[in-house]
Amino acid sequence: MGLMQYKELLKVKREGEKRYLFDPIRKKWLVLQPEELVRQLVIHYLLEEKQYNKNRINLERGFRVNSLQKRFDLLVYDREVNPYLLVECKAPRVPITDEVFEQAAWYNTELKVRYLLVTNGIESYCCAIDYDNHSYEYLEAVPDYA
């Protein structure tokens with residue numbers, strides 16, 4: 001899954017010293033930060049390549065894991081509005097390590113998604129979660145929108 005190919009779909013503008021990206025989900029301009037760049041690339045990938053429904057994508061929302069307040073990067077809901085895909089985005093310079101993947105998996109203890117994606121825009125790992133067998137399986141690609 002090469003996210004950098006979606007770079008040409010990004011709307012970017014400059015105001016003074018700052019650069020901004022347009023977020024098609026929240027419909028607003030955001031300061032261009034490395035992690036935000038990756039999040040926007042994932043959004044374009046999901047919308048263009050995987051035909052995900054824009055209205056089922058939720059960004060940077062707070063939620064509780066045990067008694068701790070946390071924030072997910074991107075959460076996609078299925079047609080029945082159940083959590084479907086959780087995406088954890090890191091800046092391109094941040095390697096995808098076991099610790100990064102465990103952070104996303106820990107967030108998922110509360111959300112219970114079917115699929116988990118961790119990406120830094122260069123490396124991406126997606127897995128299907130099998131709750132009955134307490135296991136997961138790495139996938140070749142993000143599943144199409146179900």
# chains A, B, ... in the order shown; residues from 1 in each chain; ligands from 1

$ residues_around --residues "stretch 28-34 of chain A" --least-positions-apart "3" --cutoff "9 Å" --atoms "only C-alpha atoms" --output "JSON list (two decimals) with N, CA and C atoms, in the first residue's frame"
[["chain", "number", "residue", "atom", "x", "y", "z"],
["A", 12, "VAL", "N", -3.00, 21.86, -0.87],
["A", 12, "VAL", "CA", -2.04, 22.51, 0.02],
["A", 12, "VAL", "C", -2.02, 24.00, -0.30],
["A", 13, "LYS", "N", -1.92, 24.82, 0.74],
["A", 13, "LYS", "CA", -1.77, 26.26, 0.54],
["A", 13, "LYS", "C", -0.75, 26.79, 1.54],
["A", 18, "LYS", "N", 3.58, 29.41, 7.14],
["A", 18, "LYS", "CA", 2.89, 28.14, 7.40],
["A", 18, "LYS", "C", 2.28, 27.55, 6.14],
["A", 19, "ARG", "N", 2.29, 26.22, 6.10],
["A", 19, "ARG", "CA", 1.62, 25.49, 5.03],
["A", 19, "ARG", "C", 0.43, 24.75, 5.63],
["A", 20, "TYR", "N", -0.64, 24.66, 4.84],
["A", 20, "TYR", "CA", -1.88, 24.05, 5.30],
["A", 20, "TYR", "C", -2.33, 22.96, 4.33],
["A", 21, "LEU", "N", -3.01, 21.96, 4.88],
["A", 21, "LEU", "CA", -3.64, 20.89, 4.10],
["A", 21, "LEU", "C", -5.14, 21.01, 4.28],
["A", 22, "PHE", "N", -5.88, 20.76, 3.21],
["A", 22, "PHE", "CA", -7.34, 20.75, 3.33],
["A", 22, "PHE", "C", -7.80, 19.35, 3.69],
["A", 23, "ASP", "N", -8.59, 19.24, 4.75],
["A", 23, "ASP", "CA", -9.14, 17.96, 5.19],
["A", 23, "ASP", "C", -10.53, 17.80, 4.59],
["A", 24, "PRO", "N", -10.72, 16.83, 3.67],
["A", 24, "PRO", "CA", -12.02, 16.66, 3.03],
["A", 24, "PRO", "C", -13.11, 16.09, 3.94],
["A", 25, "ILE", "N", -12.72, 15.52, 5.06],
["A", 25, "ILE", "CA", -13.71, 14.98, 6.00],
["A", 25, "ILE", "C", -14.24, 16.10, 6.90],
["A", 37, "LEU", "N", -0.06, 14.94, 7.54],
["A", 37, "LEU", "CA", 0.17, 14.55, 6.15],
["A", 37, "LEU", "C", -0.17, 13.07, 5.95],
["A", 38, "VAL", "N", 0.30, 12.22, 6.85],
["A", 38, "VAL", "CA", 0.02, 10.79, 6.76],
["A", 38, "VAL", "C", -1.48, 10.53, 6.90],
["A", 39, "ARG", "N", -2.12, 11.19, 7.84],
["A", 39, "ARG", "CA", -3.57, 11.01, 8.03],
["A", 39, "ARG", "C", -4.33, 11.38, 6.75],
["A", 90, "LYS", "N", 1.46, 7.67, 12.18],
["A", 90, "LYS", "CA", 2.70, 8.20, 12.74],
["A", 90, "LYS", "C", 3.37, 9.05, 11.68],
["A", 91, "ALA", "N", 4.25, 9.95, 12.10],
["A", 91, "ALA", "CA", 5.02, 10.74, 11.15],
["A", 91, "ALA", "C", 5.94, 9.82, 10.36],
["A", 92, "PRO", "N", 6.27, 10.17, 9.12],
["A", 92, "PRO", "CA", 7.13, 9.32, 8.30],
["A", 92, "PRO", "C", 8.46, 8.94, 8.94],
["A", 93, "ARG", "N", 8.99, 9.79, 9.79],
["A", 93, "ARG", "CA", 10.28, 9.49, 10.43],
["A", 93, "ARG", "C", 10.16, 8.52, 11.60]]

$ select_by_dssp --residues "chain A" --states "strand (DSSP E)" --output "PyMOL selection string"
chain A and resi 12-15+18-23+28-31+57-59+62-65+68-71+74-77+83-89+115-119+124-130+135-139

$ closest_residue --among "A:Val94, A:Lys112, A:Lys50, A:Glu80" --to "A:His134" --atoms "only C-alpha atoms"
A:Lys112

$ atom_distance --atom1 "atom CA of A:Val81" --atom2 "atom CA of A:Arg26"
18.3 Å

$ closest_residue --among "A:Leu139, A:Leu85, A:Met4, A:Val76" --to "A:Ala105" --atoms "only C-alpha atoms"
A:Leu85

$ atom_distance --atom1 "atom CA of A:Ala104" --atom2 "atom CA of A:Cys127"
11.3 Å

$ select_by_dssp --residues "chain A" --states "alpha helix (DSSP H)" --output "ChimeraX atom specification"
/A:34-44,98-111

$ residues_around --residues "A:Tyr52" --least-positions-apart "5" --cutoff "6 Å" --atoms "only C-alpha atoms" --output "PyMOL selection string"
chain A and resi 46-47+145

$ atom_distance --atom1 "atom CA of A:Lys7" --atom2 "atom CA of A:Tyr107"
28.0 Å

$ closest_residue --among "A:Glu15, A:Glu123, A:Glu35, A:Glu8" --to "A:Cys89" --atoms "only C-alpha atoms"
A:Glu35
